[in-house]
>>> print(open('data.cif').read())   # mmCIF, C-alpha atoms and all ligand atoms
data_protein
#
loop_
_atom_site.label_atom_id
_atom_site.label_comp_id
_atom_site.auth_asym_id
_atom_site.auth_seq_id
_atom_site.Cartn_x
_atom_site.Cartn_y
_atom_site.Cartn_z
CA MET A 1 41.01 -139.04 19.49
CA LYS A 2 40.87 -138.17 23.16
CA VAL A 3 41.08 -134.46 23.95
CA LEU A 4 41.78 -133.33 27.48
CA GLY A 5 40.89 -129.76 28.40
CA ILE A 6 42.37 -128.22 31.51
CA ALA A 7 40.52 -125.15 32.73
CA GLY A 8 42.89 -122.92 34.69
CA SER A 9 40.62 -120.10 35.78
CA PRO A 10 39.40 -119.79 39.35
CA ARG A 11 36.33 -118.03 37.92
CA ARG A 12 33.96 -120.80 36.89
CA GLY A 13 31.96 -119.98 33.79
CA GLY A 14 34.27 -117.05 33.11
CA ASN A 15 35.92 -115.94 29.90
CA THR A 16 38.48 -118.69 29.41
CA ASP A 17 35.98 -121.36 30.54
CA THR A 18 33.62 -120.12 27.84
CA LEU A 19 36.29 -120.22 25.13
CA LEU A 20 37.46 -123.66 26.25
CA SER A 21 33.89 -124.97 26.15
CA ARG A 22 33.49 -123.77 22.56
CA PHE A 23 36.80 -125.38 21.62
CA MET A 24 35.72 -128.67 23.17
CA GLU A 25 32.35 -128.49 21.42
CA GLY A 26 34.19 -128.11 18.12
CA ALA A 27 36.44 -131.08 18.91
CA ALA A 28 33.44 -133.21 19.94
CA LEU A 29 31.63 -132.29 16.72
CA LYS A 30 34.50 -133.90 14.80
CA GLY A 31 34.24 -137.09 16.80
CA ALA A 32 36.73 -136.51 19.61
CA GLU A 33 36.14 -137.94 23.04
CA VAL A 34 36.44 -134.86 25.21
CA LYS A 35 37.01 -134.40 28.91
CA THR A 36 37.69 -131.25 30.92
CA LEU A 37 39.44 -131.05 34.27
CA VAL A 38 39.00 -127.88 36.31
CA ALA A 39 42.21 -127.03 38.12
CA CYS A 40 40.55 -125.05 40.90
CA ASP A 41 38.20 -127.95 41.69
CA LEU A 42 41.17 -130.27 42.18
CA ASN A 43 43.39 -130.49 45.21
CA ILE A 44 46.80 -129.90 43.66
CA ASN A 45 49.65 -128.91 45.94
CA GLY A 46 52.76 -127.14 44.73
CA CYS A 47 55.92 -129.09 43.89
CA LEU A 48 57.88 -129.85 47.08
CA HIS A 49 61.17 -130.21 45.22
CA CYS A 50 61.76 -133.39 47.20
CA ASP A 51 63.48 -134.91 44.14
CA ALA A 52 61.73 -138.27 44.63
CA CYS A 53 60.72 -138.11 40.95
CA LEU A 54 64.37 -138.01 39.86
CA THR A 55 64.77 -141.67 40.81
CA LYS A 56 61.21 -142.95 40.73
CA GLY A 57 59.88 -141.09 37.68
CA GLN A 58 56.70 -140.29 39.50
CA CYS A 59 55.52 -137.78 42.03
CA LYS A 60 55.22 -139.12 45.52
CA VAL A 61 52.60 -136.57 46.56
CA GLN A 62 49.26 -138.33 46.63
CA ASP A 63 46.75 -135.64 45.73
CA ASP A 64 44.55 -134.94 42.70
CA MET A 65 47.58 -134.43 40.47
CA GLN A 66 47.58 -138.21 40.19
CA ILE A 67 44.29 -137.84 38.27
CA VAL A 68 45.88 -135.27 35.97
CA TYR A 69 48.89 -137.51 35.18
CA LYS A 70 46.49 -140.33 34.30
CA GLU A 71 44.32 -138.19 32.06
CA MET A 72 47.32 -136.61 30.32
CA LYS A 73 48.68 -140.06 29.52
CA ALA A 74 45.32 -141.16 28.12
CA ALA A 75 44.93 -138.05 25.96
CA ASP A 76 45.97 -137.56 22.34
CA GLY A 77 45.51 -133.81 22.63
CA ILE A 78 45.82 -131.43 25.57
CA VAL A 79 44.20 -127.99 25.64
CA LEU A 80 45.14 -125.58 28.40
CA ALA A 81 43.05 -122.51 29.19
CA SER A 82 44.03 -119.77 31.61
CA PRO A 83 43.31 -116.15 32.27
CA LEU A 84 46.41 -113.99 32.22
CA GLN A 85 47.33 -113.30 35.84
CA PHE A 86 50.30 -111.05 36.54
CA LEU A 87 51.46 -111.85 33.02
CA SER A 88 51.44 -115.60 33.63
CA VAL A 89 49.01 -118.48 34.02
CA SER A 90 46.70 -118.66 37.04
CA ALA A 91 48.18 -119.91 40.31
CA GLN A 92 45.99 -123.01 40.11
CA LEU A 93 47.36 -123.91 36.69
CA LYS A 94 50.91 -123.03 37.71
CA ALA A 95 50.74 -125.53 40.59
CA LEU A 96 49.64 -128.20 38.10
CA ILE A 97 52.45 -127.24 35.70
CA ASP A 98 55.09 -127.31 38.45
CA ARG A 99 53.97 -130.80 39.40
CA CYS A 100 54.88 -131.84 35.86
CA GLN A 101 58.45 -131.73 37.17
CA ALA A 102 57.95 -135.47 37.65
CA LEU A 103 57.40 -135.76 33.88
CA TRP A 104 60.42 -133.54 33.26
CA ALA A 105 62.45 -136.00 35.38
CA ARG A 106 61.18 -138.92 33.31
CA LYS A 107 62.21 -137.27 30.06
CA TYR A 108 65.50 -135.60 30.92
CA ILE A 109 66.90 -137.65 33.82
CA LEU A 110 65.48 -141.14 33.40
CA LYS A 111 65.28 -140.90 29.59
CA VAL A 112 61.86 -142.51 29.35
CA PRO A 113 58.79 -141.06 27.59
CA PRO A 114 57.30 -138.43 29.91
CA LEU A 115 53.74 -139.61 29.30
CA GLY A 116 54.55 -143.30 29.12
CA ASP A 117 54.57 -143.84 25.36
CA GLU A 118 56.03 -142.32 22.19
CA ARG A 119 52.67 -141.20 20.81
CA GLU A 120 52.79 -137.70 19.30
CA ARG A 121 50.29 -135.62 21.26
CA ARG A 122 48.96 -132.23 20.21
CA GLY A 123 48.68 -129.14 22.36
CA PHE A 124 46.69 -125.93 22.19
CA PHE A 125 46.49 -122.90 24.46
CA ILE A 126 43.68 -120.46 25.22
CA SER A 127 44.11 -117.26 27.22
CA VAL A 128 42.54 -113.86 27.76
CA GLY A 129 43.88 -110.74 29.40
CA GLY A 130 42.18 -107.62 30.65
CA ARG A 131 44.71 -105.16 29.28
CA LYS A 132 44.26 -103.87 25.76
CA THR A 133 47.37 -102.07 24.65
CA VAL A 134 50.31 -103.56 26.58
CA PRO A 135 52.81 -104.87 24.01
CA ASN A 136 53.86 -108.52 24.23
CA LEU A 137 51.07 -109.08 26.76
CA PHE A 138 51.08 -112.88 26.52
CA ASP A 139 54.82 -113.49 26.00
CA ALA A 140 55.73 -114.61 29.53
CA GLU A 141 52.67 -116.83 29.84
CA LEU A 142 53.33 -118.36 26.43
CA ALA A 143 56.91 -119.17 27.42
CA THR A 144 55.63 -121.16 30.40
CA VAL A 145 53.05 -123.08 28.40
CA LYS A 146 55.42 -123.81 25.53
CA ILE A 147 58.12 -125.20 27.83
CA LEU A 148 55.51 -127.40 29.49
CA PHE A 149 54.37 -128.82 26.16
CA LYS A 150 57.98 -129.34 25.08
CA THR A 151 58.66 -131.23 28.32
CA LEU A 152 55.66 -133.48 27.70
CA ASN A 153 56.59 -134.08 24.03
CA VAL A 154 53.33 -132.37 23.12
CA VAL A 155 53.42 -130.50 19.80
CA TYR A 156 52.26 -126.91 20.17
CA THR A 157 49.71 -126.52 17.40
CA GLY A 158 48.37 -123.05 18.16
CA ASP A 159 46.64 -120.68 20.50
CA ILE A 160 43.84 -118.18 20.91
CA LEU A 161 44.93 -115.12 22.89
CA VAL A 162 42.35 -112.38 23.37
CA ARG A 163 43.18 -109.06 24.97
CA GLY A 164 40.83 -106.42 26.42
CA ILE A 165 38.64 -109.08 28.07
CA ASP A 166 38.19 -108.41 31.76
CA ALA A 167 34.72 -108.55 33.34
CA ARG A 168 32.92 -111.87 33.64
CA GLY A 169 31.12 -112.45 30.36
CA ASP A 170 33.17 -109.93 28.35
CA ILE A 171 34.08 -112.70 25.92
CA LEU A 172 30.41 -113.01 24.93
CA LYS A 173 30.75 -109.58 23.29
CA HIS A 174 33.32 -111.16 20.98
CA PRO A 175 31.43 -113.78 19.00
CA GLU A 176 34.29 -113.88 16.51
CA SER A 177 36.60 -115.24 19.23
CA LEU A 178 34.03 -117.85 20.25
CA GLU A 179 33.70 -118.89 16.62
CA GLU A 180 37.49 -119.03 16.33
CA ALA A 181 37.57 -121.37 19.35
CA PHE A 182 34.83 -123.56 17.88
CA LEU A 183 36.68 -123.85 14.56
CA ALA A 184 40.04 -124.38 16.26
CA GLY A 185 38.53 -127.27 18.21
CA GLN A 186 37.38 -128.86 14.97
CA LYS A 187 40.75 -128.33 13.29
CA PHE A 188 42.60 -129.70 16.31
CA VAL A 189 41.00 -133.08 15.73
CA GLU A 190 41.49 -133.04 11.98
CA ILE A 191 45.19 -132.04 11.76
C1 LIG B 1 44.95 -112.01 40.09
C2 LIG B 1 44.69 -111.43 38.74
C3 LIG B 1 45.76 -111.00 37.98
C4 LIG B 1 45.54 -110.49 36.70
N1 LIG B 1 46.63 -110.10 35.95
C5 LIG B 1 46.43 -109.63 34.70
C6 LIG B 1 47.55 -109.24 33.90
O1 LIG B 1 48.71 -109.33 34.30
N2 LIG B 1 47.32 -108.75 32.66
C7 LIG B 1 46.05 -108.65 32.16
O2 LIG B 1 45.90 -108.21 31.01
N3 LIG B 1 44.96 -109.02 32.87
C8 LIG B 1 45.12 -109.51 34.14
N4 LIG B 1 44.04 -109.91 34.88
C9 LIG B 1 42.69 -109.86 34.29
C10 LIG B 1 42.20 -111.22 33.79
O3 LIG B 1 43.11 -111.80 32.87
C11 LIG B 1 40.84 -111.01 33.10
O4 LIG B 1 39.91 -110.52 34.02
C12 LIG B 1 40.29 -112.27 32.45
O5 LIG B 1 39.21 -111.89 31.62
C13 LIG B 1 39.79 -113.31 33.45
O6 LIG B 1 39.40 -114.46 32.75
P1 LIG B 1 38.47 -115.59 33.40
O7 LIG B 1 37.06 -115.02 33.42
O8 LIG B 1 38.60 -116.76 32.51
O9 LIG B 1 39.01 -115.85 34.76
C14 LIG B 1 44.22 -110.39 36.17
C15 LIG B 1 43.13 -110.81 36.98
C16 LIG B 1 43.37 -111.31 38.24
C17 LIG B 1 42.18 -111.76 39.09
#
>>> encode(input="data.cif", output="structure tokens")
Amino acid sequence: MKVLGIAGSPRRGGNTDTLLSRFMEGAALKGAEVKTLVACDLNINGCLHCDACLTKGQCKVQDDMQIVYKEMKAADGIVLASPLQFLSVSAQLKALIDRCQALWARKYILKVPPLGDERERRGFFISVGGRKTVPNLFDAELATVKILFKTLNVVYTGDILVRGIDARGDILKHPESLEEAFLAGQKFVEI
């Protein structure tokens, strides 16, 4: 099984990076071939809404999103990780998600498999937020991620959402969350 991780945080080695790494270690332990793309290291422009994808089924913008399309197609499982930013995913990850409009066009306009084949792919989401007590803290972000996975025909298999995590390294004070990520990575491969 090929598992693609997409790290959405602009803070390298931060809290979501750390959780994603543990998840990927768990997946690798169970034999998965793992690969992580770091959104902020890629040159991904926002969607231009040029509508070229509506007829061609692919995005005409030649930037690093072409790498992401390729890796998503190759993957059997996709794991997104993002810090909560203004109640949504990071801007870097949002640009990547918006560029999946080309895959939306494939599925809903051109009626072809968004990722090129009918394989059932699995999805998982990891996020942290600094606030502790705000109700429904992750709801808006979750709505975005779930609609992305639905568009890609990726089955949403679960998430790890940790609140009250703000400073760099805060997640290290929560070994139970790191363990949860490690175990979730293992389970992701075994489902
Ligand atoms: C631009 C920005 C917006 C943020 N917005 C929120 C927010 O809406 N709610 C929240 O709980 N935390 C918010 N935070 C805090 C981050 O989610 C928190 O610091 C997180 O631990 C960062 O994870 P990382 O180390 O993986 O980047 C925000 C941080 C930044 C930089």
>>> closest_atom_pairs(input="data.cif", of="region 59-129 of chain A", to="region 133-150 of chain A", cutoff="10 Å", atoms="all atoms listed in the file", output="JSON lines")
{"residue": "A:Ile78", "atom": "CA", "partner": "A:Phe149", "partner_atom": "CA", "distance": 9.0}
{"residue": "A:Leu80", "atom": "CA", "partner": "A:Val145", "partner_atom": "CA", "distance": 8.3}
{"residue": "A:Ser82", "atom": "CA", "partner": "A:Glu141", "partner_atom": "CA", "distance": 9.3}
{"residue": "A:Pro83", "atom": "CA", "partner": "A:Glu141", "partner_atom": "CA", "distance": 9.7}
{"residue": "A:Leu84", "atom": "CA", "partner": "A:Glu141", "partner_atom": "CA", "distance": 7.3}
{"residue": "A:Gln85", "atom": "CA", "partner": "A:Glu141", "partner_atom": "CA", "distance": 8.8}
{"residue": "A:Phe86", "atom": "CA", "partner": "A:Glu141", "partner_atom": "CA", "distance": 9.2}
{"residue": "A:Leu87", "atom": "CA", "partner": "A:Glu141", "partner_atom": "CA", "distance": 6.0}
{"residue": "A:Ser88", "atom": "CA", "partner": "A:Glu141", "partner_atom": "CA", "distance": 4.2}
{"residue": "A:Val89", "atom": "CA", "partner": "A:Glu141", "partner_atom": "CA", "distance": 5.8}
{"residue": "A:Ser90", "atom": "CA", "partner": "A:Glu141", "partner_atom": "CA", "distance": 9.5}
{"residue": "A:Lys94", "atom": "CA", "partner": "A:Thr144", "partner_atom": "CA", "distance": 8.9}
{"residue": "A:Ile97", "atom": "CA", "partner": "A:Leu148", "partner_atom": "CA", "distance": 6.9}
{"residue": "A:Asp98", "atom": "CA", "partner": "A:Leu148", "partner_atom": "CA", "distance": 9.0}
{"residue": "A:Cys100", "atom": "CA", "partner": "A:Leu148", "partner_atom": "CA", "distance": 7.8}
{"residue": "A:Gln101", "atom": "CA", "partner": "A:Leu148", "partner_atom": "CA", "distance": 9.3}
{"residue": "A:Leu103", "atom": "CA", "partner": "A:Leu148", "partner_atom": "CA", "distance": 9.6}
{"residue": "A:Trp104", "atom": "CA", "partner": "A:Leu148", "partner_atom": "CA", "distance": 8.7}
{"residue": "A:Arg121", "atom": "CA", "partner": "A:Phe149", "partner_atom": "CA", "distance": 9.3}
{"residue": "A:Arg122", "atom": "CA", "partner": "A:Phe149", "partner_atom": "CA", "distance": 8.7}
{"residue": "A:Gly123", "atom": "CA", "partner": "A:Phe149", "partner_atom": "CA", "distance": 6.8}
{"residue": "A:Phe124", "atom": "CA", "partner": "A:Phe149", "partner_atom": "CA", "distance": 9.1}
{"residue": "A:Phe125", "atom": "CA", "partner": "A:Val145", "partner_atom": "CA", "distance": 7.7}
{"residue": "A:Ile126", "atom": "CA", "partner": "A:Leu142", "partner_atom": "CA", "distance": 9.9}
{"residue": "A:Ser127", "atom": "CA", "partner": "A:Phe138", "partner_atom": "CA", "distance": 8.3}
{"residue": "A:Val128", "atom": "CA", "partner": "A:Phe138", "partner_atom": "CA", "distance": 8.7}
{"residue": "A:Gly129", "atom": "CA", "partner": "A:Leu137", "partner_atom": "CA", "distance": 7.8}
>>> closest_residue(input="data.cif", among="A:Glu25, A:Asp170, A:Asp76, A:Asp159", to="ligand LIG 1 (chain B)", atoms="all atoms listed in the file")
A:Asp170
>>> atom_distance(input="data.cif", atom1="atom O1 of ligand LIG 1 (chain B)", atom2="CA of Ala102 (chain A)")
27.9 Å
>>> closest_residue(input="data.cif", among="A:Leu93, A:Cys47, A:Met65, A:Ala32", to="ligand LIG 1 (chain B)", atoms="all atoms listed in the file")
A:Leu93
>>> closest_residue(input="data.cif", among="A:Leu178, A:Ile165, A:Lys30, A:Thr55", to="ligand LIG 1 (chain B)", atoms="only C-alpha atoms and all ligand atoms")
A:Ile165
>>> atom_distance(input="data.cif", atom1="CA of Ser9 (chain A)", atom2="CA of Leu29 (chain A)")
24.3 Å
>>> atom_distance(input="data.cif", atom1="CA of Gln62 (chain A)", atom2="CA of Ile109 (chain A)")
21.8 Å
>>> closest_residue(input="data.cif", among="A:Leu48, A:Val61, A:Val112, A:Leu19", to="ligand LIG 1 (chain B)", atoms="only C-alpha atoms and all ligand atoms")
A:Leu19
